[in-house]
$ cat model34.txt   # compact mmCIF, C-alpha atoms
# COMPACT_ATOMS: atom_id res chain seq x y z
CA MET A 5 -8.46 15.50 -42.92
CA GLU A 6 -8.74 11.78 -43.45
CA THR A 7 -8.84 9.32 -40.54
CA LYS A 8 -8.24 5.59 -40.73
CA SER A 9 -8.81 3.08 -37.96
CA SER A 10 -7.65 -0.50 -37.39
CA VAL A 11 -8.32 -2.87 -34.51
CA PHE A 12 -5.74 -5.51 -33.68
CA THR A 13 -4.31 -7.56 -30.82
CA ALA A 14 -0.90 -6.74 -29.37
CA SER A 15 -0.37 -9.25 -26.60
CA HIS A 16 3.19 -8.05 -26.00
CA GLY A 17 2.22 -4.44 -26.22
CA VAL A 18 2.87 -1.16 -27.98
CA MET A 19 4.90 1.72 -26.49
CA THR A 20 3.04 4.98 -25.87
CA GLU A 21 4.21 8.43 -24.74
CA GLU A 22 1.79 8.76 -21.85
CA VAL A 23 1.55 5.37 -20.15
CA GLY A 24 4.39 3.22 -21.48
CA VAL A 25 3.48 -0.15 -22.99
CA ILE A 26 -0.19 -0.99 -23.58
CA SER A 27 -1.41 -4.43 -24.63
CA GLY A 28 -4.47 -6.41 -25.64
CA GLU A 29 -7.19 -5.40 -28.11
CA LEU A 30 -6.05 -2.02 -29.42
CA GLU A 31 -7.32 0.53 -31.91
CA LEU A 32 -4.87 2.50 -34.04
CA ARG A 33 -6.07 5.74 -35.58
CA THR A 34 -4.03 7.68 -38.09
CA SER A 35 -5.07 11.05 -39.50
CA CYS A 36 -3.59 12.80 -42.49
CA ASP A 37 -4.33 16.40 -43.42
CA GLU A 38 -4.19 17.88 -46.93
CA ASN A 39 -0.51 18.82 -46.42
CA GLY A 40 0.41 15.23 -45.57
CA ALA A 41 0.93 15.79 -41.82
CA LEU A 42 0.29 12.50 -39.99
CA THR A 43 -1.13 12.13 -36.48
CA LEU A 44 -0.85 8.72 -34.80
CA SER A 45 -2.94 7.73 -31.80
CA ILE A 46 -3.79 4.48 -30.09
CA THR A 47 -6.17 3.26 -27.39
CA TYR A 48 -7.68 0.15 -25.87
CA VAL A 49 -10.78 -0.83 -27.83
CA GLY A 50 -13.68 0.97 -26.15
CA ALA A 51 -11.58 3.01 -23.71
CA GLU A 52 -12.14 6.70 -23.07
CA GLU A 53 -8.64 8.10 -23.51
CA TRP A 54 -6.11 8.10 -26.34
CA TYR A 55 -2.33 7.82 -26.25
CA THR A 56 0.39 9.06 -28.56
CA LEU A 57 2.82 6.79 -30.40
CA PRO A 58 6.45 7.87 -29.87
CA GLY A 59 8.18 9.69 -32.70
CA GLY A 60 8.43 13.11 -34.27
CA LYS A 61 6.38 14.90 -36.86
CA TYR A 62 5.70 12.77 -39.89
CA ILE A 63 4.88 14.44 -43.20
CA LEU A 64 3.87 12.43 -46.26
CA ASN A 65 4.97 13.84 -49.62
CA ASP A 66 1.70 12.62 -51.04
CA PRO A 67 -1.38 12.29 -48.79
CA ARG A 68 -2.46 9.36 -50.99
CA ASP A 69 0.25 7.32 -49.22
CA HIS A 70 -1.77 7.51 -46.00
CA GLU A 71 -3.53 4.22 -46.75
CA VAL A 72 -0.36 2.18 -47.13
CA VAL A 73 1.36 3.84 -44.15
CA HIS A 74 -1.64 3.09 -41.96
CA ARG A 75 -1.75 -0.55 -43.03
CA MET A 76 1.99 -0.99 -42.49
CA LEU A 77 1.82 0.46 -38.98
CA ALA A 78 -1.16 -1.67 -37.99
CA SER A 79 0.61 -4.81 -39.27
CA VAL A 80 3.88 -4.05 -37.52
CA LEU A 81 2.23 -3.18 -34.20
CA GLU A 82 0.21 -6.41 -34.16
CA ARG A 83 2.42 -8.94 -32.41
CA ASN A 84 1.12 -12.13 -30.89
CA MET B 25 38.23 23.28 21.01
CA LYS B 26 36.64 25.64 18.54
CA LYS B 27 37.58 23.30 15.68
CA CYS B 28 35.92 20.41 17.49
CA PHE B 29 32.75 22.40 17.87
CA LEU B 30 32.74 23.36 14.20
CA PHE B 31 33.27 19.76 13.19
CA ALA B 32 30.39 18.61 15.37
CA ALA B 33 28.15 21.34 14.04
CA THR B 34 28.98 20.32 10.48
CA LEU B 35 28.08 16.72 11.27
CA VAL B 36 24.77 17.76 12.78
CA LEU B 37 24.02 19.84 9.70
CA MET B 38 24.84 16.94 7.40
CA PHE B 39 22.53 14.60 9.25
CA SER B 40 19.66 17.04 9.36
CA PHE B 41 20.00 17.63 5.62
CA PHE B 42 19.56 13.97 4.70
CA GLN B 43 16.86 11.94 6.32
CA PHE B 44 17.80 8.32 6.64
CA ASN B 45 15.06 5.83 6.17
CA PRO B 46 15.05 3.22 8.94
CA ASN B 47 13.55 0.66 6.53
CA SER B 48 16.28 1.01 3.94
CA ALA B 49 17.64 -2.44 4.82
CA SER B 50 14.80 -3.81 2.67
CA ALA B 51 16.65 -2.40 -0.39
CA GLY B 52 13.82 -0.76 -2.26
CA LEU B 53 11.08 -3.21 -1.31
CA PRO B 54 7.69 -2.10 0.04
CA PRO B 55 6.29 -3.55 3.30
CA GLY B 56 3.92 -6.48 3.69
CA ILE B 57 5.32 -8.99 1.20
CA PRO B 58 3.84 -12.39 2.11
CA THR B 59 5.84 -15.55 2.75
CA LYS B 60 6.08 -18.16 0.00
CA ALA B 61 3.45 -20.33 1.73
CA ASP B 62 1.02 -17.43 2.22
CA ALA B 63 1.50 -16.26 -1.39
CA GLN B 64 0.81 -19.82 -2.56
CA SER B 65 -2.48 -20.06 -0.70
CA GLN B 66 -3.48 -16.60 -1.92
CA LEU B 67 -2.69 -17.63 -5.51
CA ASN B 68 -4.77 -20.78 -5.07
CA ALA B 69 -7.70 -18.67 -3.87
CA LEU B 70 -7.78 -16.36 -6.91
CA THR B 71 -10.48 -16.83 -9.54
CA VAL B 72 -9.17 -17.80 -12.97
CA LYS B 73 -11.14 -15.98 -15.65
CA ALA B 74 -10.68 -14.47 -19.11
CA GLU B 75 -9.88 -10.77 -19.01
CA GLY B 76 -12.76 -8.31 -19.17
CA SER B 77 -12.99 -5.62 -21.84
CA MET B 78 -11.43 -2.17 -21.63
CA THR B 79 -14.71 -0.47 -22.49
CA GLY B 80 -15.09 2.77 -20.55
CA TYR B 81 -11.53 2.73 -19.17
CA SER B 82 -9.60 5.88 -18.37
CA ARG B 83 -7.01 6.71 -15.74
CA ASP B 84 -9.40 9.39 -14.44
CA LYS B 85 -11.51 6.56 -13.06
CA PHE B 86 -8.62 5.71 -10.70
CA PRO B 87 -7.94 9.09 -9.04
CA HIS B 88 -4.34 8.65 -7.93
CA TRP B 89 -1.69 10.56 -6.02
CA ILE B 90 -4.33 12.02 -3.71
CA SER B 91 -3.41 14.06 -0.63
CA GLN B 92 -2.11 12.02 2.28
CA GLY B 93 -1.96 14.95 4.70
CA GLY B 94 0.91 17.22 5.71
CA GLY B 95 1.09 18.58 2.17
CA CYS B 96 2.18 15.17 0.81
CA ASP B 97 0.47 13.13 -1.89
CA THR B 98 0.67 9.36 -2.32
CA ARG B 99 3.60 9.60 -4.74
CA GLN B 100 5.65 11.68 -2.30
CA VAL B 101 4.90 9.32 0.59
CA VAL B 102 6.16 6.31 -1.43
CA LEU B 103 9.19 8.27 -2.65
CA LYS B 104 10.16 8.83 0.99
CA ARG B 105 9.27 5.32 2.10
CA ASP B 106 11.33 3.58 -0.58
CA ALA B 107 14.36 5.91 -0.44
CA ASP B 108 17.67 4.95 1.16
CA TYR B 109 17.81 8.63 2.11
CA TYR B 110 16.28 11.83 0.79
CA SER B 111 16.24 15.57 1.24
CA GLY B 112 13.32 17.94 0.95
CA SER B 113 9.79 17.11 1.97
CA CYS B 114 6.84 17.15 -0.43
CA PRO B 115 8.34 17.67 -2.83
CA VAL B 116 11.33 15.46 -2.17
CA THR B 117 14.15 17.18 -4.07
CA SER B 118 16.92 14.58 -4.11
CA GLY B 119 17.94 11.32 -2.50
CA LYS B 120 18.99 7.78 -3.32
CA TRP B 121 16.69 5.11 -4.69
CA TYR B 122 17.48 1.50 -5.53
CA SER B 123 15.06 0.38 -8.22
CA TYR B 124 14.27 -3.21 -7.30
CA TYR B 125 13.04 -4.29 -10.74
CA ASP B 126 16.16 -3.37 -12.71
CA GLY B 127 18.81 -2.97 -10.01
CA VAL B 128 19.52 0.63 -11.04
CA THR B 129 20.34 3.31 -8.45
CA VAL B 130 19.26 6.90 -9.13
CA TYR B 131 19.56 10.13 -7.19
CA SER B 132 16.83 12.30 -8.69
CA PRO B 133 13.10 11.89 -8.00
CA SER B 134 12.41 12.84 -11.62
CA GLU B 135 13.91 9.47 -12.65
CA ILE B 136 11.58 7.59 -10.31
CA ASP B 137 8.02 6.45 -11.03
CA ILE B 138 5.70 4.98 -8.45
CA ASP B 139 4.59 1.73 -10.04
CA HIS B 140 1.16 0.27 -9.39
CA VAL B 141 2.30 -3.35 -9.00
CA VAL B 142 -0.98 -4.41 -10.60
CA PRO B 143 -1.34 -1.72 -13.29
CA LEU B 144 -4.54 0.34 -13.44
CA ALA B 145 -5.47 -1.03 -16.89
CA GLU B 146 -4.82 -4.59 -15.70
CA ALA B 147 -6.96 -3.93 -12.62
CA TRP B 148 -9.78 -2.67 -14.87
CA ARG B 149 -9.92 -5.90 -16.88
CA SER B 150 -9.55 -8.02 -13.73
CA GLY B 151 -12.64 -6.67 -11.99
CA ALA B 152 -12.13 -2.96 -11.23
CA SER B 153 -14.49 -1.94 -14.07
CA SER B 154 -17.38 -2.83 -11.77
CA TRP B 155 -15.98 -1.22 -8.62
CA THR B 156 -17.16 2.10 -7.21
CA GLN B 157 -15.00 5.14 -7.92
CA THR B 158 -14.15 5.24 -4.20
CA LYS B 159 -12.84 1.68 -4.25
CA ARG B 160 -10.77 2.43 -7.36
CA GLN B 161 -9.32 5.51 -5.65
CA ASN B 162 -8.44 3.44 -2.57
CA PHE B 163 -6.74 0.86 -4.77
CA ALA B 164 -4.75 3.48 -6.69
CA ASN B 165 -3.44 5.09 -3.48
CA ASP B 166 -3.17 2.05 -1.20
CA LEU B 167 -0.15 2.39 1.08
CA ASN B 168 -0.93 -0.85 2.95
CA GLY B 169 1.06 -3.83 1.77
CA PRO B 170 3.16 -4.14 -1.39
CA LYS B 171 0.86 -2.43 -3.89
CA LEU B 172 3.07 0.53 -4.80
CA ILE B 173 6.84 0.58 -5.35
CA ALA B 174 9.35 3.24 -6.39
CA VAL B 175 11.24 2.12 -9.53
CA THR B 176 12.98 3.84 -12.44
CA ALA B 177 10.68 5.58 -14.91
CA SER B 178 12.25 3.59 -17.74
CA VAL B 179 11.50 0.16 -16.27
CA ASN B 180 7.99 1.30 -15.36
CA ARG B 181 7.35 2.38 -18.97
CA SER B 182 8.57 -0.94 -20.34
CA LYS B 183 6.25 -2.78 -17.95
CA GLY B 184 3.25 -0.61 -18.81
CA ASP B 185 0.00 -2.54 -18.38
CA GLN B 186 1.41 -6.06 -18.77
CA ASP B 187 0.90 -9.01 -16.44
CA PRO B 188 3.63 -11.52 -15.49
CA SER B 189 2.88 -13.74 -18.51
CA THR B 190 4.32 -11.03 -20.80
CA TRP B 191 6.49 -8.91 -18.48
CA GLN B 192 8.67 -9.74 -15.49
CA PRO B 193 11.36 -7.62 -13.84
CA PRO B 194 14.56 -7.70 -15.94
CA ARG B 195 16.64 -8.40 -12.80
CA ALA B 196 16.41 -12.15 -12.22
CA GLY B 197 16.66 -11.74 -8.44
CA ALA B 198 13.50 -9.62 -8.40
CA LYS B 199 11.10 -12.17 -9.84
CA CYS B 200 10.23 -13.94 -6.59
CA ALA B 201 9.26 -10.83 -4.64
CA TYR B 202 7.49 -9.44 -7.71
CA ALA B 203 5.28 -12.52 -7.96
CA LYS B 204 4.43 -12.30 -4.24
CA MET B 205 3.59 -8.60 -4.51
CA TRP B 206 1.40 -9.19 -7.56
CA ILE B 207 -0.46 -12.12 -5.97
CA ASN B 208 -0.96 -10.26 -2.68
CA THR B 209 -2.37 -7.20 -4.48
CA LYS B 210 -4.83 -9.22 -6.56
CA TYR B 211 -5.81 -11.21 -3.47
CA SER B 212 -6.39 -8.08 -1.36
CA TYR B 213 -8.83 -6.69 -3.94
CA ASP B 214 -10.33 -10.00 -5.04
CA MET B 215 -9.26 -9.46 -8.65
CA SER B 216 -9.37 -12.32 -11.14
CA LEU B 217 -6.42 -13.60 -13.12
CA GLN B 218 -6.12 -15.34 -16.47
CA SER B 219 -4.64 -18.80 -16.80
CA SER B 220 -1.42 -17.73 -18.59
CA GLU B 221 -0.84 -15.25 -15.77
CA LYS B 222 -1.40 -17.93 -13.13
CA THR B 223 1.07 -20.26 -14.82
CA ALA B 224 3.72 -17.53 -14.92
CA LEU B 225 3.14 -16.60 -11.27
CA GLN B 226 3.33 -20.24 -10.18
CA THR B 227 6.67 -20.70 -11.97
CA MET B 228 8.00 -17.53 -10.35
CA LEU B 229 6.78 -18.60 -6.92
CA TYR B 230 8.48 -22.01 -7.22
CA SER B 231 11.77 -20.09 -7.60
CA CYS B 232 11.34 -18.49 -4.16
CA SER B 233 13.44 -19.90 -1.36
CA TYR B 234 11.07 -18.60 1.34

$ encode --input "model34.txt" --output "structure tokens"
Amino acid sequence: METKSSVFTASHGVMTEEVGVISGELELRTSCDENGALTLSITYVGAEEWYTLPGGKYILNDPRDHEVVHRMLASVLERN
Amino acid sequence: MKKCFLFAATLVLMFSFFQFNPNSASAGLPPGIPTKADAQSQLNALTVKAEGSMTGYSRDKFPHWISQGGGCDTRQVVLKRDADYYSGSCPVTSGKWYSYYDGVTVYSPSEIDIDHVVPLAEAWRSGASSWTQTKRQNFANDLNGPKLIAVTASVNRSKGDQDPSTWQPPRAGAKCAYAKMWINTKYSYDMSLQSSEKTALQTMLYSCSY
């Protein structure tokens, strides 16, 4: 299991399963297991609970793609 | 004669099935919305400040939908209060709700969220991080004034934690009352606001006719 983390600002927010749109300084965490299964979670920087990004099960054909998928997501979610 | 009696009995049954809310003339609005002048002086009194951090935040620190007696929790009380009519009591099983933010009418409580006008996360970064747990619980369940409102789950999700500088009700006619509700809630709990939020609220308030 490999976990990557990025901190970014989303002043207009990111949709979550549990609480709808969240905004401000956010931390995105993506985890990828050896079979390529991705888990996406997001929180406010420093907060004590995590939320799920909408969407189904994501499986990478090659777990080495985790890095680029993580960076793409973090860039797309950051909107000022 | 017998037919008349049956008809009357049917009417009585119909009326006892649905409970009509005497406040439904307010069309989905909670009580206690201030006048334009009062909202303006409350806005002027708020402290402008950069938002605090989200360190330590969780929804558990705002215990919400607590018991309000009679087997009802805060959500159920607001569901009843903001309904045009409803049937069932804690849980409310059906009814009619006009969602003020988006102008949508729904008939199932599962499509209705109770919105914290000032969201819990927004409250946290506007001062609630330093409140006692008791004060946060009072805030999250406060039935006095326009702090909670029944709206569609979809519009509540799109609002999320945002303040009026990034999110306003999609129905143009709702912006005035929304600004007043927001200002009144922050004023009641002495929460701060950031300058972009104040600018947005002032613009919305100017659009009010009273």

$ interface_residues --input "model34.txt" --of "chain A" --to "chain B" --cutoff "9 Å" --atoms "all atoms listed in the file" --output "list in words"
Ser15, His16, Gly17, Met19, Thr20, Glu21, Glu22, Val23, Gly24, Val25, Ile26, Ser27, Glu29, Tyr48, Val49, Gly50, Ala51, Glu52, Glu53 and Trp54 of chain A

$ atom_distance --input "model34.txt" --atom1 "atom CA of Val116 of chain B" --atom2 "atom CA of Gln161 of chain B"
23.2 Å

$ atom_distance --input "model34.txt" --atom1 "atom CA of Met5 of chain A" --atom2 "atom CA of Ala41 of chain A"
9.5 Å

$ atom_distance --input "model34.txt" --atom1 "atom CA of Leu172 of chain B" --atom2 "atom CA of Tyr124 of chain B"
12.1 Å

$ residues_around --input "model34.txt" --residues "Pro194 of chain B" --least-positions-apart "3" --cutoff "8 Å" --atoms "all atoms listed in the file" --output "list of chain:residue names"
B:Tyr125, B:Asp126, B:Ala198

$ residues_around --input "model34.txt" --residues "Gln226 of chain B" --least-positions-apart "2" --cutoff "12 Å" --atoms "only C-alpha atoms" --output "list in words"
Lys60, Ala61, Ala63, Gln64, Ser65, Gln66, Leu67, Asn68, Pro188, Ser189, Lys199, Cys200, Tyr202, Ala203, Lys204, Trp206, Ile207, Ser219, Ser220, Glu221, Lys222, Thr223, Ala224, Met228, Leu229, Tyr230, Ser231 and Cys232 of chain B

$ residues_around --input "model34.txt" --residues "Val101 of chain B" --least-positions-apart "2" --cutoff "12 Å" --atoms "all atoms listed in the file" --output "ChimeraX atom specification"
/B:54,89-99,103-107,110,113-116,138,165-168,172-174

$ residues_around --input "model34.txt" --residues "Asp37 of chain A" --least-positions-apart "5" --cutoff "12 Å" --atoms "all atoms listed in the file" --output "tab-separated table (two decimals) with C-alpha atoms, in the coordinates of the input"
chain	number	residue	atom	x	y	z
A	5	MET	CA	-8.46	15.50	-42.92
A	6	GLU	CA	-8.74	11.78	-43.45
A	7	THR	CA	-8.84	9.32	-40.54
A	8	LYS	CA	-8.24	5.59	-40.73
A	42	LEU	CA	0.29	12.50	-39.99
A	43	THR	CA	-1.13	12.13	-36.48
A	62	TYR	CA	5.70	12.77	-39.89
A	63	ILE	CA	4.88	14.44	-43.20
A	64	LEU	CA	3.87	12.43	-46.26
A	65	ASN	CA	4.97	13.84	-49.62
A	66	ASP	CA	1.70	12.62	-51.04
A	67	PRO	CA	-1.38	12.29	-48.79
A	68	ARG	CA	-2.46	9.36	-50.99
A	69	ASP	CA	0.25	7.32	-49.22
A	70	HIS	CA	-1.77	7.51	-46.00

$ residues_around --input "model34.txt" --residues "Ser10 of chain A" --least-positions-apart "6" --cutoff "10 Å" --atoms "all atoms listed in the file" --output "list in words"
Leu30, Glu31, Leu32, Arg33, Thr34, Ile46, His74, Arg75, Leu77, Ala78 and Ser79 of chain A
